[in-house]
>>> print(open('model-v5.cif').read())   # mmCIF, C-alpha atoms
data_entry
loop_
_atom_site.group_PDB
_atom_site.id
_atom_site.type_symbol
_atom_site.label_atom_id
_atom_site.label_comp_id
_atom_site.auth_asym_id
_atom_site.auth_seq_id
_atom_site.Cartn_x
_atom_site.Cartn_y
_atom_site.Cartn_z
ATOM 1 C CA MET A 28 -73.860 -15.357 -27.751
ATOM 2 C CA SER A 29 -75.007 -13.395 -24.712
ATOM 3 C CA LYS A 30 -75.369 -9.651 -24.952
ATOM 4 C CA PRO A 31 -72.871 -7.408 -23.183
ATOM 5 C CA PRO A 32 -74.026 -5.409 -20.169
ATOM 6 C CA ALA A 33 -75.673 -2.094 -20.952
ATOM 7 C CA VAL A 34 -73.295 0.847 -21.132
ATOM 8 C CA LYS A 35 -74.297 4.355 -20.203
ATOM 9 C CA SER A 36 -73.790 6.632 -23.174
ATOM 10 C CA HIS A 37 -74.091 9.769 -21.048
ATOM 11 C CA PRO A 38 -71.772 9.708 -18.020
ATOM 12 C CA VAL A 39 -72.596 11.451 -14.779
ATOM 13 C CA ASN A 40 -71.873 15.171 -14.693
ATOM 14 C CA LEU A 41 -69.425 15.214 -11.789
ATOM 15 C CA VAL A 42 -69.634 18.979 -11.315
ATOM 16 C CA GLN A 43 -73.399 18.803 -10.883
ATOM 17 C CA HIS A 44 -73.011 15.790 -8.609
ATOM 18 C CA TYR A 45 -70.443 17.648 -6.495
ATOM 19 C CA GLU A 46 -72.709 20.681 -6.202
ATOM 20 C CA GLN A 47 -75.576 18.386 -5.247
ATOM 21 C CA GLN A 48 -73.453 16.886 -2.459
ATOM 22 C CA VAL A 49 -72.750 20.396 -1.209
ATOM 23 C CA GLU A 50 -76.447 21.239 -1.156
ATOM 24 C CA GLU A 51 -77.879 17.984 0.164
ATOM 25 C CA GLN A 52 -75.115 16.312 2.185
ATOM 26 C CA GLY A 53 -73.553 19.315 3.881
ATOM 27 C CA LEU A 54 -70.304 19.124 1.938
ATOM 28 C CA ILE A 55 -68.322 22.372 2.104
ATOM 29 C CA PHE A 56 -67.889 23.924 -1.342
ATOM 30 C CA ASP A 57 -64.222 24.231 -2.226
ATOM 31 C CA LEU A 58 -62.890 25.677 -5.492
ATOM 32 C CA ALA A 59 -59.765 23.532 -5.231
ATOM 33 C CA GLN A 60 -61.915 20.395 -5.067
ATOM 34 C CA LEU A 61 -64.018 21.627 -7.977
ATOM 35 C CA ASN A 62 -60.851 22.020 -10.057
ATOM 36 C CA VAL A 63 -59.984 18.350 -9.454
ATOM 37 C CA VAL A 64 -63.571 17.323 -10.268
ATOM 38 C CA GLN A 65 -63.250 19.002 -13.669
ATOM 39 C CA HIS A 66 -60.064 17.040 -14.419
ATOM 40 C CA LEU A 67 -61.795 13.821 -13.388
ATOM 41 C CA GLN A 68 -64.726 14.669 -15.661
ATOM 42 C CA VAL A 69 -62.433 14.676 -18.694
ATOM 43 C CA ILE A 70 -61.305 11.111 -17.960
ATOM 44 C CA LEU A 71 -64.858 10.008 -17.158
ATOM 45 C CA ASP A 72 -66.064 11.279 -20.545
ATOM 46 C CA GLN A 73 -63.203 9.541 -22.351
ATOM 47 C CA LEU A 74 -63.800 6.206 -20.618
ATOM 48 C CA ALA A 75 -67.535 6.421 -21.299
ATOM 49 C CA ALA A 76 -66.884 7.087 -24.987
ATOM 50 C CA GLU A 77 -64.489 4.142 -25.145
ATOM 51 C CA SER A 78 -67.109 1.890 -23.514
ATOM 52 C CA VAL A 79 -69.613 2.825 -26.209
ATOM 53 C CA ARG A 80 -67.057 1.979 -28.917
ATOM 54 C CA ARG A 81 -66.403 -1.394 -27.327
ATOM 55 C CA LYS A 82 -70.115 -2.105 -27.126
ATOM 56 C CA ARG A 83 -70.549 -1.360 -30.835
ATOM 57 C CA TRP A 84 -67.649 -3.652 -31.726
ATOM 58 C CA PHE A 85 -68.840 -6.502 -29.474
ATOM 59 C CA GLY A 86 -68.761 -9.837 -31.316
ATOM 60 C CA ARG A 87 -66.875 -8.529 -34.358
ATOM 61 C CA LYS A 88 -63.494 -9.775 -35.456
ATOM 62 C CA LYS A 89 -61.812 -6.409 -35.420
ATOM 63 C CA LYS A 90 -61.080 -5.145 -31.942
ATOM 64 C CA PRO A 91 -61.809 -1.564 -30.903
ATOM 65 C CA SER A 92 -58.994 0.701 -29.886
ATOM 66 C CA SER A 93 -57.814 0.402 -26.284
ATOM 67 C CA SER A 94 -57.467 3.105 -23.660
ATOM 68 C CA GLN A 95 -54.228 4.321 -25.249
ATOM 69 C CA GLY A 96 -55.810 7.717 -25.919
ATOM 70 C CA VAL A 97 -57.357 8.126 -22.474
ATOM 71 C CA GLN A 98 -55.609 10.524 -20.125
ATOM 72 C CA HIS A 99 -54.110 9.509 -16.798
ATOM 73 C CA LEU A 100 -54.385 11.634 -13.659
ATOM 74 C CA TYR A 101 -52.203 12.085 -10.569
ATOM 75 C CA ILE A 102 -53.878 14.009 -7.718
ATOM 76 C CA TYR A 103 -51.726 15.088 -4.791
ATOM 77 C CA GLY A 104 -52.152 17.299 -1.753
ATOM 78 C CA GLU A 105 -51.998 17.365 2.014
ATOM 79 C CA VAL A 106 -54.016 14.919 4.097
ATOM 80 C CA GLY A 107 -57.670 15.665 4.787
ATOM 81 C CA ARG A 108 -58.236 17.774 1.655
ATOM 82 C CA GLY A 109 -60.778 15.410 0.102
ATOM 83 C CA LYS A 110 -58.718 13.321 -2.324
ATOM 84 C CA SER A 111 -60.351 10.037 -1.291
ATOM 85 C CA MET A 112 -63.821 11.572 -1.345
ATOM 86 C CA LEU A 113 -63.338 12.841 -4.911
ATOM 87 C CA MET A 114 -61.883 9.504 -5.998
ATOM 88 C CA ASP A 115 -64.977 7.806 -4.550
ATOM 89 C CA MET A 116 -67.229 10.119 -6.517
ATOM 90 C CA PHE A 117 -65.337 9.513 -9.758
ATOM 91 C CA TYR A 118 -65.009 5.751 -9.325
ATOM 92 C CA HIS A 119 -68.685 5.121 -8.607
ATOM 93 C CA ALA A 120 -69.764 7.406 -11.452
ATOM 94 C CA CYS A 121 -67.528 5.693 -14.017
ATOM 95 C CA PRO A 122 -69.839 3.624 -16.266
ATOM 96 C CA ILE A 123 -67.407 0.851 -17.154
ATOM 97 C CA SER A 124 -67.506 -2.499 -15.355
ATOM 98 C CA GLN A 125 -63.815 -3.306 -15.826
ATOM 99 C CA LYS A 126 -62.433 -1.090 -13.107
ATOM 100 C CA ARG A 127 -60.625 -1.503 -9.823
ATOM 101 C CA ARG A 128 -59.783 0.723 -6.895
ATOM 102 C CA VAL A 129 -57.003 -0.447 -4.590
ATOM 103 C CA HIS A 130 -54.668 0.886 -1.919
ATOM 104 C CA PHE A 131 -51.232 1.132 -3.540
ATOM 105 C CA HIS A 132 -49.488 -0.839 -0.789
ATOM 106 C CA THR A 133 -51.941 -3.718 -1.293
ATOM 107 C CA PHE A 134 -51.399 -3.602 -5.048
ATOM 108 C CA MET A 135 -47.617 -3.825 -4.670
ATOM 109 C CA GLN A 136 -47.992 -6.855 -2.407
ATOM 110 C CA GLU A 137 -49.941 -8.499 -5.236
ATOM 111 C CA VAL A 138 -47.215 -7.542 -7.725
ATOM 112 C CA HIS A 139 -44.483 -9.145 -5.618
ATOM 113 C CA GLN A 140 -46.599 -12.267 -5.171
ATOM 114 C CA PHE A 141 -47.093 -12.454 -8.946
ATOM 115 C CA VAL A 142 -43.335 -12.149 -9.496
ATOM 116 C CA HIS A 143 -42.682 -14.807 -6.843
ATOM 117 C CA ASN A 144 -45.064 -17.249 -8.553
ATOM 118 C CA TRP A 145 -43.785 -16.526 -12.088
ATOM 119 C CA THR A 146 -42.220 -19.623 -13.647
ATOM 120 C CA GLN A 147 -42.613 -18.961 -17.374
ATOM 121 C CA GLN A 148 -40.298 -17.460 -19.949
ATOM 122 C CA GLY A 149 -40.599 -13.813 -20.944
ATOM 123 C CA ASN A 150 -41.024 -10.432 -19.294
ATOM 124 C CA VAL A 151 -42.870 -10.855 -16.006
ATOM 125 C CA MET A 152 -43.971 -7.198 -15.874
ATOM 126 C CA SER A 153 -45.415 -7.376 -19.384
ATOM 127 C CA ALA A 154 -47.292 -10.511 -18.398
ATOM 128 C CA MET A 155 -48.707 -8.876 -15.311
ATOM 129 C CA GLY A 156 -49.742 -5.762 -17.217
ATOM 130 C CA GLU A 157 -51.553 -7.945 -19.719
ATOM 131 C CA GLU A 158 -53.291 -9.897 -16.958
ATOM 132 C CA ILE A 159 -54.423 -6.707 -15.215
ATOM 133 C CA SER A 160 -55.764 -5.268 -18.466
ATOM 134 C CA GLN A 161 -58.045 -8.281 -18.913
ATOM 135 C CA SER A 162 -60.105 -7.282 -15.875
ATOM 136 C CA ALA A 163 -59.399 -3.576 -15.377
ATOM 137 C CA ARG A 164 -59.434 -0.815 -17.996
ATOM 138 C CA LEU A 165 -59.418 1.696 -15.126
ATOM 139 C CA LEU A 166 -57.061 1.307 -12.176
ATOM 140 C CA CYS A 167 -57.452 3.747 -9.270
ATOM 141 C CA PHE A 168 -54.618 3.865 -6.730
ATOM 142 C CA ASP A 169 -55.193 5.286 -3.259
ATOM 143 C CA GLU A 170 -52.262 6.694 -1.259
ATOM 144 C CA PHE A 171 -49.504 6.285 -3.815
ATOM 145 C CA HIS A 172 -46.301 6.246 -1.794
ATOM 146 C CA VAL A 173 -42.935 4.555 -2.320
ATOM 147 C CA THR A 174 -40.640 3.663 0.587
ATOM 148 C CA ASP A 175 -39.383 0.193 -0.345
ATOM 149 C CA ILE A 176 -36.429 -0.311 -2.691
ATOM 150 C CA ALA A 177 -37.994 -3.489 -4.098
ATOM 151 C CA ASP A 178 -41.025 -1.446 -5.153
ATOM 152 C CA ALA A 179 -38.904 1.408 -6.470
ATOM 153 C CA MET A 180 -36.797 -0.802 -8.738
ATOM 154 C CA ILE A 181 -39.717 -2.374 -10.620
ATOM 155 C CA MET A 182 -41.912 0.708 -10.877
ATOM 156 C CA GLU A 183 -40.715 1.825 -14.312
ATOM 157 C CA ARG A 184 -41.285 -1.559 -15.979
ATOM 158 C CA LEU A 185 -44.578 -2.140 -14.192
ATOM 159 C CA PHE A 186 -46.175 1.157 -15.204
ATOM 160 C CA GLN A 187 -44.782 0.982 -18.716
ATOM 161 C CA SER A 188 -46.590 -2.333 -19.043
ATOM 162 C CA LEU A 189 -49.841 -0.843 -17.730
ATOM 163 C CA PHE A 190 -49.591 2.069 -20.165
ATOM 164 C CA ASP A 191 -48.727 -0.269 -23.055
ATOM 165 C CA GLN A 192 -51.820 -2.357 -22.305
ATOM 166 C CA GLY A 193 -53.997 0.760 -22.366
ATOM 167 C CA VAL A 194 -54.942 0.716 -18.671
ATOM 168 C CA CYS A 195 -56.156 4.133 -17.507
ATOM 169 C CA VAL A 196 -54.487 5.083 -14.226
ATOM 170 C CA VAL A 197 -55.829 7.562 -11.652
ATOM 171 C CA ILE A 198 -53.704 8.142 -8.549
ATOM 172 C CA THR A 199 -54.055 9.971 -5.244
ATOM 173 C CA SER A 200 -50.992 10.800 -3.176
ATOM 174 C CA ASN A 201 -49.797 13.156 -0.476
ATOM 175 C CA ARG A 202 -46.700 13.991 -2.539
ATOM 176 C CA HIS A 203 -45.828 15.313 -5.982
ATOM 177 C CA PRO A 204 -44.206 12.587 -8.141
ATOM 178 C CA SER A 205 -40.838 14.374 -7.927
ATOM 179 C CA ASP A 206 -40.957 14.138 -4.126
ATOM 180 C CA LEU A 207 -41.524 10.369 -3.982
ATOM 181 C CA TYR A 208 -38.897 8.043 -2.491
ATOM 182 C CA GLN A 209 -36.879 10.896 -1.016
ATOM 183 C CA GLY A 210 -33.571 9.639 0.368
ATOM 184 C CA GLY A 211 -34.180 6.111 -0.908
ATOM 185 C CA LEU A 212 -31.428 3.797 -2.100
ATOM 186 C CA LEU A 213 -30.653 4.032 -5.834
ATOM 187 C CA ARG A 214 -33.085 6.934 -6.132
ATOM 188 C CA GLU A 215 -31.401 8.073 -9.354
ATOM 189 C CA GLN A 216 -32.745 4.912 -11.002
ATOM 190 C CA PHE A 217 -36.195 5.542 -9.545
ATOM 191 C CA LEU A 218 -36.173 9.041 -11.064
ATOM 192 C CA ARG A 219 -36.331 7.454 -14.519
ATOM 193 C CA PHE A 220 -39.769 6.172 -13.540
ATOM 194 C CA VAL A 221 -40.725 9.607 -12.221
ATOM 195 C CA ASN A 222 -39.822 11.237 -15.540
ATOM 196 C CA LYS A 223 -41.794 8.630 -17.456
ATOM 197 C CA LEU A 224 -44.767 9.107 -15.144
ATOM 198 C CA LEU A 225 -44.666 12.882 -15.588
ATOM 199 C CA ASN A 226 -44.739 12.394 -19.367
ATOM 200 C CA LYS A 227 -47.830 10.206 -19.132
ATOM 201 C CA VAL A 228 -50.064 11.688 -16.422
ATOM 202 C CA ASP A 229 -51.721 15.034 -15.788
ATOM 203 C CA VAL A 230 -50.563 16.182 -12.362
ATOM 204 C CA VAL A 231 -53.017 18.311 -10.384
ATOM 205 C CA GLU A 232 -52.552 19.581 -6.844
ATOM 206 C CA LEU A 233 -55.520 19.685 -4.499
ATOM 207 C CA THR A 234 -54.687 22.985 -2.831
ATOM 208 C CA ALA A 235 -57.567 23.142 -0.341
ATOM 209 C CA LYS A 236 -56.345 25.010 2.734
ATOM 210 C CA GLN A 237 -58.636 23.276 5.209
ATOM 211 C CA ASP A 238 -58.126 19.832 6.740
ATOM 212 C CA TYR A 239 -61.683 18.510 6.542
ATOM 213 C CA ARG A 240 -60.936 15.705 8.976
ATOM 214 C CA ARG A 241 -60.937 18.347 11.689
ATOM 215 C CA GLN A 242 -64.192 19.946 10.594
ATOM 216 C CA GLY A 243 -66.678 19.906 13.449
ATOM 217 C CA VAL A 244 -64.306 18.306 15.952
ATOM 218 C CA ALA A 245 -64.950 19.994 19.272
ATOM 219 C CA SER A 246 -61.700 18.938 20.906
ATOM 220 C CA GLU A 247 -58.646 17.385 19.304
ATOM 221 C CA GLN A 248 -57.543 16.386 22.822
ATOM 222 C CA LEU A 249 -60.439 13.912 23.116
ATOM 223 C CA ARG A 250 -58.897 10.458 22.985
ATOM 224 C CA PHE A 251 -60.706 8.376 25.644
ATOM 225 C CA ILE A 252 -64.488 7.946 25.629
ATOM 226 C CA TYR A 253 -66.247 6.519 28.686
ATOM 227 C CA PRO A 254 -68.543 4.790 29.541
ATOM 228 C CA LEU A 255 -69.462 2.393 26.718
ATOM 229 C CA GLY A 256 -72.961 2.795 25.355
ATOM 230 C CA GLN A 257 -75.004 4.373 22.592
ATOM 231 C CA ASP A 258 -73.473 7.818 23.137
ATOM 232 C CA SER A 259 -69.880 6.564 22.970
ATOM 233 C CA THR A 260 -70.649 4.492 19.853
ATOM 234 C CA ALA A 261 -72.207 7.532 18.175
ATOM 235 C CA CYS A 262 -69.142 9.598 19.082
ATOM 236 C CA LEU A 263 -66.791 6.988 17.625
ATOM 237 C CA GLN A 264 -68.877 6.775 14.474
ATOM 238 C CA GLN A 265 -68.746 10.555 14.047
ATOM 239 C CA ARG A 266 -64.971 10.536 14.534
ATOM 240 C CA TYR A 267 -64.589 7.729 11.991
ATOM 241 C CA HIS A 268 -66.576 9.730 9.417
ATOM 242 C CA GLN A 269 -64.356 12.765 9.976
ATOM 243 C CA LEU A 270 -61.069 10.886 9.672
ATOM 244 C CA SER A 271 -62.110 8.768 6.678
ATOM 245 C CA ASP A 272 -63.709 11.519 4.566
ATOM 246 C CA ALA A 273 -67.223 10.110 5.181
ATOM 247 C CA GLY A 274 -66.216 6.473 4.699
ATOM 248 C CA VAL A 275 -69.012 3.906 4.927
ATOM 249 C CA VAL A 276 -69.436 2.137 8.290
ATOM 250 C CA GLU A 277 -69.636 -1.483 7.216
ATOM 251 C CA ALA A 278 -68.150 -4.480 9.019
ATOM 252 C CA GLY A 279 -65.646 -6.504 7.064
ATOM 253 C CA ILE A 280 -62.365 -8.399 7.096
ATOM 254 C CA VAL A 281 -58.993 -6.721 6.664
ATOM 255 C CA GLN A 282 -56.011 -8.838 5.659
ATOM 256 C CA ILE A 283 -52.716 -7.684 7.135
ATOM 257 C CA SER A 284 -49.540 -9.710 6.574
ATOM 258 C CA GLY A 285 -51.528 -12.881 6.015
ATOM 259 C CA ARG A 286 -53.780 -12.368 9.021
ATOM 260 C CA LYS A 287 -57.497 -11.827 8.529
ATOM 261 C CA ILE A 288 -58.962 -9.464 11.102
ATOM 262 C CA GLN A 289 -62.672 -8.778 11.560
ATOM 263 C CA VAL A 290 -63.242 -5.032 12.042
ATOM 264 C CA GLU A 291 -66.179 -2.675 12.416
ATOM 265 C CA ALA A 292 -65.188 -0.580 9.380
ATOM 266 C CA TRP A 293 -62.175 0.565 7.401
ATOM 267 C CA HIS A 294 -61.462 3.078 4.659
ATOM 268 C CA GLY A 295 -58.008 3.847 3.268
ATOM 269 C CA ARG A 296 -55.722 4.064 6.300
ATOM 270 C CA VAL A 297 -58.532 4.581 8.830
ATOM 271 C CA LEU A 298 -59.676 1.466 10.688
ATOM 272 C CA TRP A 299 -62.361 1.081 13.366
ATOM 273 C CA ALA A 300 -62.107 -2.059 15.482
ATOM 274 C CA THR A 301 -63.177 -3.161 18.947
ATOM 275 C CA PHE A 302 -60.844 -4.244 21.731
ATOM 276 C CA SER A 303 -62.223 -7.763 21.433
ATOM 277 C CA GLN A 304 -61.480 -7.960 17.712
ATOM 278 C CA LEU A 305 -57.854 -6.908 18.166
ATOM 279 C CA CYS A 306 -56.899 -8.318 21.558
ATOM 280 C CA ARG A 307 -59.131 -11.276 22.366
ATOM 281 C CA GLU A 308 -58.821 -13.147 19.095
ATOM 282 C CA SER A 309 -55.920 -15.537 18.434
ATOM 283 C CA LEU A 310 -54.077 -13.580 15.776
ATOM 284 C CA GLY A 311 -50.470 -14.461 16.533
ATOM 285 C CA ASP A 312 -50.398 -17.641 14.462
ATOM 286 C CA PHE A 313 -53.222 -16.684 12.101
ATOM 287 C CA GLY A 314 -52.342 -17.296 8.465
ATOM 288 C CA ARG A 315 -49.336 -19.554 9.085
ATOM 289 C CA ASN A 316 -51.192 -22.764 8.239
#
>>> encode(input="model-v5.cif", output="structure tokens")
Amino acid sequence: MSKPPAVKSHPVNLVQHYEQQVEEQGLIFDLAQLNVVQHLQVILDQLAAESVRRKRWFGRKKKPSSSQGVQHLYIYGEVGRGKSMLMDMFYHACPISQKRRVHFHTFMQEVHQFVHNWTQQGNVMSAMGEEISQSARLLCFDEFHVTDIADAMIMERLFQSLFDQGVCVVITSNRHPSDLYQGGLLREQFLRFVNKLLNKVDVVELTAKQDYRRQGVASEQLRFIYPLGQDSTACLQQRYHQLSDAGVVEAGIVQISGRKIQVEAWHGRVLWATFSQLCRESLGDFGRN
């Protein structure tokens, strides 16, 4: 039997790492961000301890306890306050291998596809929760937001399944849970999920007063850069960093409604693409075959 991958017994000190980013990377120190870091540290320590327990029990008949005792965290606040940056820091520092970070809209598309393909007997949400738990003990949701009634109506059962399977959930959102799905159809049913969520997660507001996307931007009126060249590319790259909370510039493929689009970079809801990639490629029928 092969040995399990090595597990760090001493997780990263996120506070020290945050302070190091301030000193070395020019990050602006913010007490509100530090408060969120301290909440994330608690979960990081708990997940690291659980990983050690699982390593010790590897190969034995008796299974170790799941993540039932690990806290869940819901971080909300206005845009540009650093939620994605702090999630990045936490996610990469987390020592477990069974983890996933996903945009919430993308995750819900996967849920609906799972339901569509379900042909067996039994509770489909329980089955999906069990399947997710096989590959992810930590599930990080970016931009948690509910606007669709189909999403709203399955939320309670879906998250109950995730909690039952011991999946640790960390969420970032622009809104407090009580403010989700405002004005939506059958919202009174959705509020049952909200109450259950509030009983399960620690809710912390990122109260930073500054929108860091605007930090260092000389003119918010600048929208058209000409001519093309090294200077314009550098300007676009700087703007991308500001809007994406220092997202990595790395070419990749984004899938949108079944269409795969090559882009220069993307992070969360910020996408950098060329005119050629968006307008010269045959995208109209892409994904129909």
>>> resolve_selection(input="model-v5.cif", expression="the PyMOL selection byres ((chain A and resi 278) around 6)", output="PDB file with C-alpha atoms, in the coordinates of the input")
ATOM      1  CA  GLU A 277     -69.636  -1.483   7.216  1.00  0.00           C
ATOM      2  CA  GLY A 279     -65.646  -6.504   7.064  1.00  0.00           C
ATOM      3  CA  VAL A 290     -63.242  -5.032  12.042  1.00  0.00           C
ATOM      4  CA  GLU A 291     -66.179  -2.675  12.416  1.00  0.00           C
ATOM      5  CA  ALA A 292     -65.188  -0.580   9.380  1.00  0.00           C
TER       6      ALA A 292
END
>>> closest_residue(input="model-v5.cif", among="A:Leu74, A:Met135, A:Met116, A:Ser162", to="A:Gln43", atoms="all atoms listed in the file")
A:Met116
>>> closest_residue(input="model-v5.cif", among="A:Ile283, A:Val196, A:Ile70, A:Leu207", to="A:His132", atoms="all atoms listed in the file")
A:Ile283
>>> closest_residue(input="model-v5.cif", among="A:Arg266, A:Arg184, A:His294, A:His99", to="A:Val231", atoms="all atoms listed in the file")
A:His99
>>> closest_residue(input="model-v5.cif", among="A:Leu212, A:Val230, A:Leu189, A:Ile159", to="A:Val173", atoms="only C-alpha atoms")
A:Leu212
>>> residues_around(input="model-v5.cif", residues="stretch 44-60 of chain A", least_positions_apart="4", cutoff="12 Å", atoms="all atoms listed in the file", output="PyMOL selection string")
chain A and resi 38-40+64-68+102-104+107-117+119-120+231-239+242-243+269+272-273
>>> atom_distance(input="model-v5.cif", atom1="atom CA of A:Met155", atom2="atom CA of A:Val297")
29.3 Å
>>> residues_around(input="model-v5.cif", residues="A:Phe168", least_positions_apart="2", cutoff="7 Å", atoms="all atoms listed in the file", output="number ranges by chain")
A: 128-131, 166, 170-171, 197-199
>>> residues_around(input="model-v5.cif", residues="A:Leu218", least_positions_apart="5", cutoff="12 Å", atoms="all atoms listed in the file", output="list in words")
Val173, Ala179, Met180, Ile181, Met182, Glu183, Pro204, Ser205, Asp206, Leu207, Tyr208, Gln209, Gly210, Gly211, Leu212, Leu213, Lys223, Leu224 and Leu225 of chain A
>>> closest_residue(input="model-v5.cif", among="A:Leu41, A:Arg80, A:Leu305, A:Asn222", to="A:Lys287", atoms="all atoms listed in the file")
A:Leu305
>>> atom_distance(input="model-v5.cif", atom1="atom CA of A:Ser124", atom2="atom CA of A:Ser78")
9.3 Å
>>> resolve_selection(input="model-v5.cif", expression="the PyMOL selection byres ((chain A and resi 192) around 9)", output="list in words")
Ser93, Ser94, Gln95, Ser153, Gly156, Glu157, Ile159, Ser160, Arg164, Gln187, Ser188, Leu189, Phe190, Asp191, Gly193 and Val194 of chain A
>>> atom_distance(input="model-v5.cif", atom1="atom CA of A:Val63", atom2="atom CA of A:Val79")
24.8 Å
>>> residues_around(input="model-v5.cif", residues="A:Glu308", least_positions_apart="4", cutoff="12 Å", atoms="only C-alpha atoms", output="list of chain:residue names")
A:Arg286, A:Lys287, A:Ile288, A:Gln289, A:Val290, A:Thr301, A:Phe302, A:Ser303, A:Gln304, A:Asp312, A:Phe313
>>> residues_around(input="model-v5.cif", residues="A:Thr133", least_positions_apart="6", cutoff="12 Å", atoms="only C-alpha atoms", output="number ranges by chain")
A: 139-140, 168-172, 178, 281-285, 295-296
>>> residues_near_point(input="model-v5.cif", point="(-52.8, 14.7, -20.0)", cutoff="8 Å", atoms="only C-alpha atoms", output="PyMOL selection string")
chain A and resi 98-100+227-229
>>> decode(input="model-v5.cif", residues="stretch 43-68 of chain A", atoms="C-alpha atoms", output="compact mmCIF listing (two decimals), in the first residue's frame")
# COMPACT_ATOMS: atom_id res chain seq x y z
CA GLN A 43 2.64 36.73 9.78
CA HIS A 44 2.12 35.99 6.09
CA TYR A 45 -0.22 38.98 5.77
CA GLU A 46 2.27 41.27 7.50
CA GLN A 47 4.99 39.95 5.22
CA GLN A 48 2.88 40.82 2.18
CA VAL A 49 2.48 44.33 3.56
CA GLU A 50 6.22 44.71 4.00
CA GLU A 51 7.47 43.02 0.84
CA GLN A 52 4.67 43.31 -1.73
CA GLY A 53 3.39 46.80 -1.00
CA LEU A 54 0.07 45.64 0.40
CA ILE A 55 -1.67 48.34 2.44
CA PHE A 56 -2.12 47.27 6.07
CA ASP A 57 -5.79 47.21 7.00
CA LEU A 58 -7.14 46.26 10.44
CA ALA A 59 -10.39 45.07 8.89
CA GLN A 60 -8.47 42.65 6.66
CA LEU A 61 -6.40 41.50 9.62
CA ASN A 62 -9.61 40.68 11.51
CA VAL A 63 -10.71 38.39 8.65
CA VAL A 64 -7.24 36.80 8.53
CA GLN A 65 -7.57 35.85 12.20
CA HIS A 66 -10.91 34.14 11.53
CA LEU A 67 -9.38 32.27 8.60
CA GLN A 68 -6.49 31.18 10.82
